[in-house]
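Chemist: Below is the file entry32.cif, which contains mmCIF, C-alpha atoms and all ligand atoms.
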data_query
loop_
_atom_site.label_atom_id
_atom_site.label_comp_id
_atom_site.auth_asym_id
_atom_site.auth_seq_id
_atom_site.Cartn_x
_atom_site.Cartn_y
_atom_site.Cartn_z
CA MET A 1 188.96 119.91 156.26
CA SER A 2 185.47 121.40 156.35
CA VAL A 3 182.43 119.27 157.13
CA ILE A 4 181.20 119.79 153.56
CA ALA A 5 184.52 118.73 152.03
CA GLU A 6 184.59 115.65 154.25
CA ALA A 7 181.08 114.64 153.25
CA ILE A 8 181.91 115.01 149.57
CA ASN A 9 185.10 113.00 149.83
CA GLU A 10 183.33 110.25 151.71
CA ILE A 11 180.51 109.97 149.16
CA LYS A 12 182.89 110.10 146.21
CA GLN A 13 185.11 107.36 147.64
CA GLY A 14 182.26 104.89 147.41
CA LEU A 15 181.16 105.77 143.87
CA PRO A 16 181.77 103.54 140.87
CA PRO A 17 183.60 105.46 138.12
CA HIS A 18 180.52 105.71 135.88
CA VAL A 19 178.47 107.53 138.55
CA GLU A 20 178.58 111.33 138.85
CA LEU A 21 177.76 113.08 142.11
CA ILE A 22 175.57 116.16 141.74
CA ALA A 23 175.64 118.26 144.90
CA ILE A 24 172.15 119.67 145.48
CA SER A 25 172.73 123.10 146.96
CA LYS A 26 169.17 124.50 146.99
CA THR A 27 168.43 126.87 149.91
CA HIS A 28 172.12 126.91 150.93
CA PRO A 29 174.34 129.99 150.60
CA ALA A 30 177.02 130.46 147.95
CA ALA A 31 179.67 130.07 150.66
CA PHE A 32 178.66 126.42 151.11
CA ILE A 33 179.03 125.85 147.38
CA GLU A 34 182.46 127.45 147.47
CA GLU A 35 183.52 124.98 150.15
CA ALA A 36 182.34 122.09 148.02
CA TYR A 37 184.05 123.64 145.00
CA ALA A 38 187.34 123.87 146.94
CA ALA A 39 186.98 120.13 147.61
CA GLY A 40 186.86 119.53 143.85
CA GLN A 41 183.10 119.31 143.36
CA ARG A 42 181.97 120.77 140.01
CA HIS A 43 178.42 119.49 139.45
CA PHE A 44 175.74 121.33 141.42
CA GLY A 45 171.96 121.17 141.24
CA GLU A 46 169.19 123.59 142.09
CA ASN A 47 165.41 123.35 141.84
CA LYS A 48 164.43 127.01 141.34
CA VAL A 49 165.29 129.12 138.30
CA GLN A 50 165.90 132.34 140.21
CA GLU A 51 168.21 130.76 142.76
CA LEU A 52 170.03 128.83 140.05
CA SER A 53 170.64 131.97 137.95
CA ASP A 54 171.75 134.06 140.92
CA LYS A 55 174.21 131.43 142.09
CA ALA A 56 175.56 130.77 138.60
CA ALA A 57 176.27 134.50 138.17
CA ALA A 58 178.10 134.71 141.49
CA LEU A 59 180.14 131.51 141.41
CA PRO A 60 183.00 130.13 139.26
CA ALA A 61 182.23 129.75 135.56
CA ASP A 62 183.42 126.15 135.33
CA ILE A 63 180.64 124.89 137.60
CA LYS A 64 178.23 122.57 135.79
CA TRP A 65 174.72 123.58 136.81
CA HIS A 66 171.88 121.09 136.86
CA MET A 67 168.23 122.11 136.96
CA ILE A 68 166.39 119.42 138.93
CA GLY A 69 163.08 121.08 139.79
CA HIS A 70 159.85 121.67 137.93
CA LEU A 71 160.52 124.12 135.11
CA GLN A 72 157.97 126.54 133.70
CA THR A 73 158.28 127.37 130.01
CA ASN A 74 158.36 131.13 130.66
CA LYS A 75 161.50 130.71 132.80
CA VAL A 76 163.56 128.60 130.41
CA LYS A 77 165.13 131.71 128.93
CA TYR A 78 166.94 132.53 132.17
CA ILE A 79 168.88 129.26 132.31
CA ALA A 80 169.22 128.43 128.60
CA PRO A 81 172.51 130.38 128.23
CA PHE A 82 174.44 128.31 130.75
CA VAL A 83 172.61 125.27 132.16
CA HIS A 84 174.51 121.99 131.87
CA LEU A 85 171.64 119.52 132.17
CA ILE A 86 167.90 119.88 132.76
CA HIS A 87 166.65 116.79 134.63
CA SER A 88 162.99 117.68 134.81
CA VAL A 89 161.58 117.75 131.29
CA ASP A 90 158.05 116.40 131.22
CA SER A 91 156.23 117.89 128.23
CA GLU A 92 156.46 118.53 124.51
CA ARG A 93 155.91 122.24 125.04
CA LEU A 94 158.82 122.44 127.47
CA LEU A 95 161.14 120.61 125.05
CA GLU A 96 160.13 122.97 122.26
CA THR A 97 160.76 126.01 124.45
CA ILE A 98 164.17 124.72 125.53
CA ASN A 99 165.02 124.16 121.86
CA LYS A 100 163.98 127.68 120.92
CA GLU A 101 165.85 129.37 123.77
CA ALA A 102 168.97 127.22 123.30
CA ALA A 103 169.06 128.17 119.62
CA LYS A 104 169.16 131.86 120.55
CA HIS A 105 172.45 131.18 122.31
CA ASN A 106 173.80 128.81 119.67
CA ARG A 107 173.72 126.02 122.22
CA THR A 108 172.44 122.50 122.41
CA VAL A 109 170.94 121.95 125.85
CA SER A 110 171.09 118.47 127.34
CA CYS A 111 167.88 117.20 128.92
CA LEU A 112 166.55 114.23 130.82
CA MET A 113 162.95 113.13 130.58
CA GLN A 114 161.40 112.97 134.04
CA VAL A 115 159.30 109.88 134.60
CA HIS A 116 156.72 109.41 137.30
CA ILE A 117 156.67 106.04 138.99
CA ALA A 118 156.33 106.89 142.69
CA GLN A 119 152.93 106.33 144.27
CA GLU A 120 152.62 109.90 145.50
CA GLU A 121 150.20 112.00 143.49
CA THR A 122 152.08 115.26 143.61
CA LYS A 123 155.24 114.31 141.79
CA PHE A 124 155.82 115.72 138.32
CA GLY A 125 156.83 113.63 135.37
CA LEU A 126 155.54 111.44 132.58
CA THR A 127 154.29 107.90 132.89
CA ALA A 128 156.14 105.31 130.82
CA ASN A 129 153.26 105.38 128.32
CA GLU A 130 153.22 109.16 128.04
CA LEU A 131 156.98 109.18 127.48
CA HIS A 132 156.66 106.57 124.76
CA GLN A 133 153.88 108.49 123.03
CA LEU A 134 155.84 111.73 123.17
CA LEU A 135 159.00 110.22 121.69
CA ALA A 136 157.01 108.34 119.07
CA THR A 137 156.11 111.71 117.54
CA GLY A 138 159.77 112.01 116.49
CA ILE A 139 160.32 115.04 118.67
CA ALA A 140 163.93 114.11 119.45
CA GLN A 141 164.79 114.39 115.75
CA ARG A 142 162.76 117.54 115.27
CA LEU A 143 164.58 119.69 117.82
CA PRO A 144 168.23 120.26 116.86
CA ASN A 145 169.09 122.38 119.90
CA VAL A 146 167.95 119.82 122.45
CA LYS A 147 169.82 116.63 123.27
CA ILE A 148 167.86 113.98 125.15
CA CYS A 149 170.42 112.22 127.34
CA GLY A 150 168.32 109.90 129.48
CA ILE A 151 165.76 109.58 132.24
CA MET A 152 165.25 111.09 135.68
CA GLY A 153 163.04 109.69 138.40
CA MET A 154 162.30 109.62 142.09
CA ALA A 155 161.24 106.88 144.43
CA THR A 156 158.31 107.22 146.81
CA TYR A 157 159.16 108.89 150.12
CA THR A 158 159.09 105.80 152.32
CA ASP A 159 161.23 103.74 154.71
CA ASP A 160 160.42 100.58 152.76
CA GLN A 161 163.78 99.77 151.14
CA GLU A 162 162.35 97.05 148.94
CA GLN A 163 159.73 99.40 147.54
CA ILE A 164 162.43 101.97 146.79
CA ARG A 165 164.56 99.31 145.11
CA SER A 166 161.70 98.09 142.99
CA GLU A 167 160.84 101.66 141.91
CA PHE A 168 164.45 102.33 140.89
CA ALA A 169 164.40 99.05 138.96
CA THR A 170 161.28 100.31 137.19
CA ILE A 171 163.05 103.55 136.23
CA LYS A 172 165.95 101.48 134.87
CA ARG A 173 163.53 99.36 132.85
CA ILE A 174 161.92 102.48 131.37
CA PHE A 175 165.40 103.73 130.46
CA ASP A 176 166.31 100.42 128.77
CA GLN A 177 163.04 100.27 126.86
CA THR A 178 163.34 103.91 125.74
CA LYS A 179 166.92 103.36 124.64
CA HIS A 180 165.87 100.28 122.68
CA ASP A 181 162.86 101.93 121.05
CA PHE A 182 164.14 105.41 120.28
CA PHE A 183 167.90 105.83 120.86
CA PRO A 184 169.54 102.49 119.97
CA ASN A 185 172.53 104.08 118.26
CA ASP A 186 172.68 107.33 120.21
CA ASN A 187 175.52 107.31 122.73
CA ASN A 188 174.25 110.55 124.27
CA PHE A 189 171.27 108.69 125.66
CA CYS A 190 173.15 107.14 128.56
CA HIS A 191 172.01 108.73 131.83
CA ILE A 192 169.76 107.58 134.63
CA SER A 193 169.37 110.28 137.28
CA MET A 194 168.04 108.71 140.47
CA GLY A 195 168.97 108.53 144.13
CA MET A 196 169.10 111.17 146.87
CA SER A 197 170.74 111.32 150.31
CA GLY A 198 168.61 108.55 151.78
CA ASP A 199 168.58 106.13 148.89
CA TYR A 200 171.50 106.73 146.53
CA HIS A 201 173.25 103.47 147.46
CA ILE A 202 170.22 101.52 146.28
CA ALA A 203 169.93 103.74 143.19
CA ILE A 204 173.51 102.95 142.17
CA GLN A 205 172.91 99.23 142.60
CA GLU A 206 169.88 99.59 140.32
CA GLY A 207 171.73 101.46 137.58
CA ALA A 208 171.94 105.18 138.40
CA THR A 209 174.63 107.17 136.56
CA LEU A 210 173.80 110.52 138.20
CA ILE A 211 172.95 110.84 141.89
CA ARG A 212 171.45 114.00 143.39
CA VAL A 213 172.64 114.40 146.97
CA GLY A 214 171.80 117.44 149.09
CA SER A 215 171.40 117.06 152.85
CA SER A 216 174.15 114.45 153.26
CA ILE A 217 176.58 117.08 151.99
CA PHE A 218 175.20 120.43 153.12
CA GLY A 219 173.09 119.46 156.14
CA LYS A 220 169.48 120.22 156.84
CA ARG A 221 167.59 122.73 154.72
CA TYR A 222 165.71 125.57 156.37
CA TYR A 223 162.93 126.95 154.28
CA GLN A 224 161.88 130.56 154.71
CA LYS A 225 158.43 131.77 153.95
C1 LIG B 301 166.17 118.34 147.04
C2 LIG B 301 166.28 117.32 145.97
C3 LIG B 301 167.27 116.31 146.03
C4 LIG B 301 168.24 116.15 147.18
O1 LIG B 301 167.59 115.66 148.32
P1 LIG B 301 168.40 115.22 149.64
O2 LIG B 301 167.48 114.28 150.32
O3 LIG B 301 168.65 116.45 150.42
O4 LIG B 301 169.66 114.56 149.20
C5 LIG B 301 167.32 115.41 144.96
N1 LIG B 301 166.47 115.48 143.91
C6 LIG B 301 165.52 116.43 143.83
C7 LIG B 301 164.62 116.45 142.65
C8 LIG B 301 165.38 117.36 144.86
O5 LIG B 301 164.42 118.30 144.76
#
So that I can check it, write out the structure of this file as C-alpha cells.
Modeler:
Amino acid sequence: MSVIAEAINEIKQGLPPHVELIAISKTHPAAFIEEAYAAGQRHFGENKVQELSDKAAALPADIKWHMIGHLQTNKVKYIAPFVHLIHSVDSERLLETINKEAAKHNRTVSCLMQVHIAQEETKFGLTANELHQLLATGIAQRLPNVKICGIMGMATYTDDQEQIRSEFATIKRIFDQTKHDFFPNDNNFCHISMGMSGDYHIAIQEGATLIRVGSSIFGKRYYQK
C-alpha cells in the first residue's frame, strides 16, 4: 500500500461515523490525489481557485471538491459549476455572487460561514457578532441558490493544546447559537469544519463534523515562488 493510502486508512479508522475527512491536496500533484482516490478517498480540498479548477478538470468526476481558501468574488464563476462545498464565505457580497453564479448553472451551492476566533490578525472570517448581523438581514432566505450548511473556523497556530481546545469550543458555541437563532428547523445547517493535521483529534472532541487534513496525508508542502 502507498504511504498516502496508509495515512488515509489510519486517519479514517479513528473517525467517528459523523465526521468526514477532507484531504487537503493543495500544492500536491494530481498523482498524489489519484493515490488517495484509489484508497477510497472522495473529498478533497484546495485553497486556490486556479489549482482547484485545473485539478477538477483532470481528475475523476465523482470527487467532491471543497474550496477552503479565501475566495474573491471575481473568481466564483470558475468553481460555481462543480464545487461541492465552499468553507470560506465571509461576506454578504460573496454570498450574493455565489448565488448568482450558481443560478447560471441551475445549482444550489453549499457554503459554510467562516468565523474568526483565533488571535492572529491575518486570518479571514467574520466575528460572531458580524455573522449574527449578516444573518439577521435574512440573507439565507433571500438567496435560493445558496445553502448555508454550517460554520468553518481555525484555531490559533500554537503549541498550547488548551488554547486550541478552548478556541474549538468557541467555534462550536457560535455554531450552536447560530443554529438556534437562524436555522432551528433546517437540517442542512449541520456542519462544523475545524481541525487540521496537528489538531484534528481535539477538533473532533469539540464537535467537528468535517476535518481538513493535508500534511498528515500528503507530507510536507513545498511552495514555489
Ligand atoms: C492547508 C490548510 C489545511 C490543512 O493543513 P495541514 O496542517 O497540512 O493539515 C486546513 N485548512 C486550511 C484552511 C488550510 O489552508
Chemist: Please determine, counting all atoms listed in the file, which residue among A:Met152, A:Ile204, A:Leu126, A:Ile192 has the shortest atom-to-atom distance to ligand LIG 301 (chain B).
Modeler: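 Looking at the shortest contact to ligand LIG 301 (chain B), the residue is A:Met152.
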Chemist: Could the residues that lie within 8 Å of ligand LIG 301 (chain B), counting all atoms listed in the file, be listed as a ChimeraX atom specification?
Modeler: /A:24,26,46-47,68-69,154,194-198,211-217,219-221
Chemist: Please produce an output containing C-alpha atoms for each residue in the selection, written as a PDB file, in the coordinates of the input.
Modeler:
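Contents of again.pdb, as written:
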ATOM      1  CA  ILE A  24     172.150 119.670 145.480  1.00  0.00           C
ATOM      2  CA  LYS A  26     169.170 124.500 146.990  1.00  0.00           C
ATOM      3  CA  GLU A  46     169.190 123.590 142.090  1.00  0.00           C
ATOM      4  CA  ASN A  47     165.410 123.350 141.840  1.00  0.00           C
ATOM      5  CA  ILE A  68     166.390 119.420 138.930  1.00  0.00           C
ATOM      6  CA  GLY A  69     163.080 121.080 139.790  1.00  0.00           C
ATOM      7  CA  MET A 154     162.300 109.620 142.090  1.00  0.00           C
ATOM      8  CA  MET A 194     168.040 108.710 140.470  1.00  0.00           C
ATOM      9  CA  GLY A 195     168.970 108.530 144.130  1.00  0.00           C
ATOM     10  CA  MET A 196     169.100 111.170 146.870  1.00  0.00           C
ATOM     11  CA  SER A 197     170.740 111.320 150.310  1.00  0.00           C
ATOM     12  CA  GLY A 198     168.610 108.550 151.780  1.00  0.00           C
ATOM     13  CA  ILE A 211     172.950 110.840 141.890  1.00  0.00           C
ATOM     14  CA  ARG A 212     171.450 114.000 143.390  1.00  0.00           C
ATOM     15  CA  VAL A 213     172.640 114.400 146.970  1.00  0.00           C
ATOM     16  CA  GLY A 214     171.800 117.440 149.090  1.00  0.00           C
ATOM     17  CA  SER A 215     171.400 117.060 152.850  1.00  0.00           C
ATOM     18  CA  SER A 216     174.150 114.450 153.260  1.00  0.00           C
ATOM     19  CA  ILE A 217     176.580 117.080 151.990  1.00  0.00           C
ATOM     20  CA  GLY A 219     173.090 119.460 156.140  1.00  0.00           C
ATOM     21  CA  LYS A 220     169.480 120.220 156.840  1.00  0.00           C
ATOM     22  CA  ARG A 221     167.590 122.730 154.720  1.00  0.00           C
TER      23      ARG A 221
END
Chemist: Rounded to one decimal in Å, what is the spacing between atom CA of A:Ile33 and atom CA of A:Met1?
Modeler: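 One can read the atom CA of A:Ile33 to atom CA of A:Met1 distance as 14.6 Å.
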Chemist: Excluding same-chain residues fewer than 6 positions from A:Thr209, what lies within 10 Å of it counting all atoms listed in the file, as an NGL selection string?
Modeler: :A and (15-21 or 150 or 190-195 or 203)
Chemist: Near A:Leu94, counting only C-alpha atoms, which residues have an atom at most 6 Å away, once you skip same-chain residues fewer than 3 positions from it, shown as a compact mmCIF listing (two decimals) with C-alpha atoms, in the frame of the given file?
Modeler:
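Heads up, here's the output in out14.txt:
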# COMPACT_ATOMS: atom_id res chain seq x y z
CA THR A 73 158.28 127.37 130.01
CA SER A 91 156.23 117.89 128.23
CA THR A 97 160.76 126.01 124.45
Chemist: Nearest residue to A:Leu143 out of A:Leu59, A:Ile8, A:Ile174, A:Ala103, using all atoms listed in the file?
Modeler: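 Closest to A:Leu143 of all the choices is A:Ala103.
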Chemist: What's the separation between atom CA of A:Thr27 and atom CA of A:Phe168, in Å to one decimal place?
Modeler: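 Computing the Euclidean distance for atom CA of A:Thr27 and atom CA of A:Phe168 yields 26.4 Å.
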Chemist: Restricting the calculation to only C-alpha atoms: of A:Ile117, A:Ala31, A:Val83, A:Ile148, which residue gets closest to A:Asp62?
Modeler: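 The closest residue to A:Asp62 is A:Val83.
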Chemist: Please measure the separation of atom CA of A:Glu101 and atom CA of A:Val76, giving the value in Å to one decimal.
Modeler: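 Straight-line distance from atom CA of A:Glu101 to atom CA of A:Val76 works out to 7.1 Å.
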Chemist: Quick one: residues within 10 Å of (163.4, 101.1, 139.8) (file frame), counting all atoms listed in the file, please, as a list in words.
Modeler: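 Within 10 Å of (163.4, 101.1, 139.8), the protein and nucleic acid residues are Ile117, Ala118, Gly153, Met154, Ala155, Gln163, Ile164, Arg165, Ser166, Glu167, Phe168, Ala169, Thr170, Ile171, Lys172, Arg173, Ile174, Phe175, Met194, Ile202, Ala203, Glu206, Gly207 and Ala208 of chain A.
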Chemist: Kindly output stretch 46-57 of chain A as a PDB file, in the coordinates of the input, after building all heavy atoms.
Modeler:
ATOM      1  N   GLU A  46     170.142 122.714 141.427  1.00  0.00           N
ATOM      2  CA  GLU A  46     169.190 123.590 142.090  1.00  0.00           C
ATOM      3  C   GLU A  46     167.797 123.279 141.543  1.00  0.00           C
ATOM      4  O   GLU A  46     167.663 122.764 140.434  1.00  0.00           O
ATOM      5  CB  GLU A  46     169.525 125.066 141.788  1.00  0.00           C
ATOM      6  CG  GLU A  46     170.840 125.541 142.393  1.00  0.00           C
ATOM      7  CD  GLU A  46     170.720 125.910 143.876  1.00  0.00           C
ATOM      8  OE1 GLU A  46     169.591 126.209 144.333  1.00  0.00           O
ATOM      9  OE2 GLU A  46     171.765 125.900 144.561  1.00  0.00           O
ATOM     10  N   ASN A  47     166.764 123.657 142.311  1.00  0.00           N
ATOM     11  CA  ASN A  47     165.410 123.350 141.840  1.00  0.00           C
ATOM     12  C   ASN A  47     164.569 124.597 141.535  1.00  0.00           C
ATOM     13  O   ASN A  47     163.405 124.466 141.192  1.00  0.00           O
ATOM     14  CB  ASN A  47     164.680 122.437 142.829  1.00  0.00           C
ATOM     15  CG  ASN A  47     164.360 123.135 144.134  1.00  0.00           C
ATOM     16  OD1 ASN A  47     164.971 124.162 144.442  1.00  0.00           O
ATOM     17  ND2 ASN A  47     163.432 122.592 144.890  1.00  0.00           N
ATOM     18  N   LYS A  48     165.173 125.778 141.677  1.00  0.00           N
ATOM     19  CA  LYS A  48     164.430 127.010 141.340  1.00  0.00           C
ATOM     20  C   LYS A  48     165.265 127.858 140.386  1.00  0.00           C
ATOM     21  O   LYS A  48     166.459 128.084 140.608  1.00  0.00           O
ATOM     22  CB  LYS A  48     164.146 127.814 142.610  1.00  0.00           C
ATOM     23  CG  LYS A  48     163.252 127.078 143.594  1.00  0.00           C
ATOM     24  CD  LYS A  48     162.248 128.041 144.220  1.00  0.00           C
ATOM     25  CE  LYS A  48     161.030 127.332 144.769  1.00  0.00           C
ATOM     26  NZ  LYS A  48     161.341 126.447 145.907  1.00  0.00           N
ATOM     27  N   VAL A  49     164.604 128.375 139.348  1.00  0.00           N
ATOM     28  CA  VAL A  49     165.290 129.120 138.300  1.00  0.00           C
ATOM     29  C   VAL A  49     166.010 130.347 138.850  1.00  0.00           C
ATOM     30  O   VAL A  49     167.174 130.599 138.534  1.00  0.00           O
ATOM     31  CB  VAL A  49     164.299 129.500 137.182  1.00  0.00           C
ATOM     32  CG1 VAL A  49     164.878 130.565 136.277  1.00  0.00           C
ATOM     33  CG2 VAL A  49     163.918 128.264 136.383  1.00  0.00           C
ATOM     34  N   GLN A  50     165.312 131.107 139.692  1.00  0.00           N
ATOM     35  CA  GLN A  50     165.900 132.340 140.210  1.00  0.00           C
ATOM     36  C   GLN A  50     167.167 132.073 141.021  1.00  0.00           C
ATOM     37  O   GLN A  50     168.209 132.701 140.825  1.00  0.00           O
ATOM     38  CB  GLN A  50     164.856 133.048 141.107  1.00  0.00           C
ATOM     39  CG  GLN A  50     165.355 134.347 141.716  1.00  0.00           C
ATOM     40  CD  GLN A  50     165.332 135.483 140.706  1.00  0.00           C
ATOM     41  OE1 GLN A  50     164.301 135.745 140.090  1.00  0.00           O
ATOM     42  NE2 GLN A  50     166.455 136.144 140.516  1.00  0.00           N
ATOM     43  N   GLU A  51     167.073 131.098 141.907  1.00  0.00           N
ATOM     44  CA  GLU A  51     168.210 130.760 142.760  1.00  0.00           C
ATOM     45  C   GLU A  51     169.371 130.205 141.918  1.00  0.00           C
ATOM     46  O   GLU A  51     170.534 130.544 142.138  1.00  0.00           O
ATOM     47  CB  GLU A  51     167.753 129.726 143.800  1.00  0.00           C
ATOM     48  CG  GLU A  51     168.738 129.514 144.927  1.00  0.00           C
ATOM     49  CD  GLU A  51     168.164 128.617 146.030  1.00  0.00           C
ATOM     50  OE1 GLU A  51     166.934 128.376 146.046  1.00  0.00           O
ATOM     51  OE2 GLU A  51     168.966 128.140 146.855  1.00  0.00           O
ATOM     52  N   LEU A  52     169.026 129.397 140.948  1.00  0.00           N
ATOM     53  CA  LEU A  52     170.030 128.830 140.050  1.00  0.00           C
ATOM     54  C   LEU A  52     170.763 129.943 139.289  1.00  0.00           C
ATOM     55  O   LEU A  52     172.005 129.966 139.236  1.00  0.00           O
ATOM     56  CB  LEU A  52     169.352 127.860 139.079  1.00  0.00           C
ATOM     57  CG  LEU A  52     170.169 127.230 137.965  1.00  0.00           C
ATOM     58  CD1 LEU A  52     171.391 126.504 138.501  1.00  0.00           C
ATOM     59  CD2 LEU A  52     169.303 126.258 137.171  1.00  0.00           C
ATOM     60  N   SER A  53     170.009 130.891 138.723  1.00  0.00           N
ATOM     61  CA  SER A  53     170.640 131.970 137.950  1.00  0.00           C
ATOM     62  C   SER A  53     171.495 132.866 138.834  1.00  0.00           C
ATOM     63  O   SER A  53     172.594 133.260 138.443  1.00  0.00           O
ATOM     64  CB  SER A  53     169.590 132.838 137.262  1.00  0.00           C
ATOM     65  OG  SER A  53     168.583 132.064 136.722  1.00  0.00           O
ATOM     66  N   ASP A  54     170.985 133.196 140.014  1.00  0.00           N
ATOM     67  CA  ASP A  54     171.750 134.060 140.920  1.00  0.00           C
ATOM     68  C   ASP A  54     173.069 133.401 141.317  1.00  0.00           C
ATOM     69  O   ASP A  54     174.129 134.035 141.327  1.00  0.00           O
ATOM     70  CB  ASP A  54     170.947 134.346 142.199  1.00  0.00           C
ATOM     71  CG  ASP A  54     169.758 135.268 141.930  1.00  0.00           C
ATOM     72  OD1 ASP A  54     169.682 135.831 140.821  1.00  0.00           O
ATOM     73  OD2 ASP A  54     168.907 135.417 142.841  1.00  0.00           O
ATOM     74  N   LYS A  55     173.003 132.123 141.654  1.00  0.00           N
ATOM     75  CA  LYS A  55     174.210 131.430 142.090  1.00  0.00           C
ATOM     76  C   LYS A  55     175.199 131.268 140.930  1.00  0.00           C
ATOM     77  O   LYS A  55     176.400 131.437 141.106  1.00  0.00           O
ATOM     78  CB  LYS A  55     173.860 130.085 142.707  1.00  0.00           C
ATOM     79  CG  LYS A  55     173.286 130.218 144.120  1.00  0.00           C
ATOM     80  CD  LYS A  55     172.809 128.891 144.667  1.00  0.00           C
ATOM     81  CE  LYS A  55     172.404 129.029 146.144  1.00  0.00           C
ATOM     82  NZ  LYS A  55     171.703 127.821 146.638  1.00  0.00           N
ATOM     83  N   ALA A  56     174.677 130.953 139.752  1.00  0.00           N
ATOM     84  CA  ALA A  56     175.560 130.770 138.600  1.00  0.00           C
ATOM     85  C   ALA A  56     176.315 132.067 138.296  1.00  0.00           C
ATOM     86  O   ALA A  56     177.502 132.044 137.961  1.00  0.00           O
ATOM     87  CB  ALA A  56     174.748 130.326 137.381  1.00  0.00           C
ATOM     88  N   ALA A  57     175.632 133.205 138.452  1.00  0.00           N
ATOM     89  CA  ALA A  57     176.270 134.500 138.170  1.00  0.00           C
ATOM     90  C   ALA A  57     177.351 134.818 139.186  1.00  0.00           C
ATOM     91  O   ALA A  57     178.328 135.505 138.879  1.00  0.00           O
ATOM     92  CB  ALA A  57     175.213 135.599 138.146  1.00  0.00           C
TER      93      ALA A  57
END
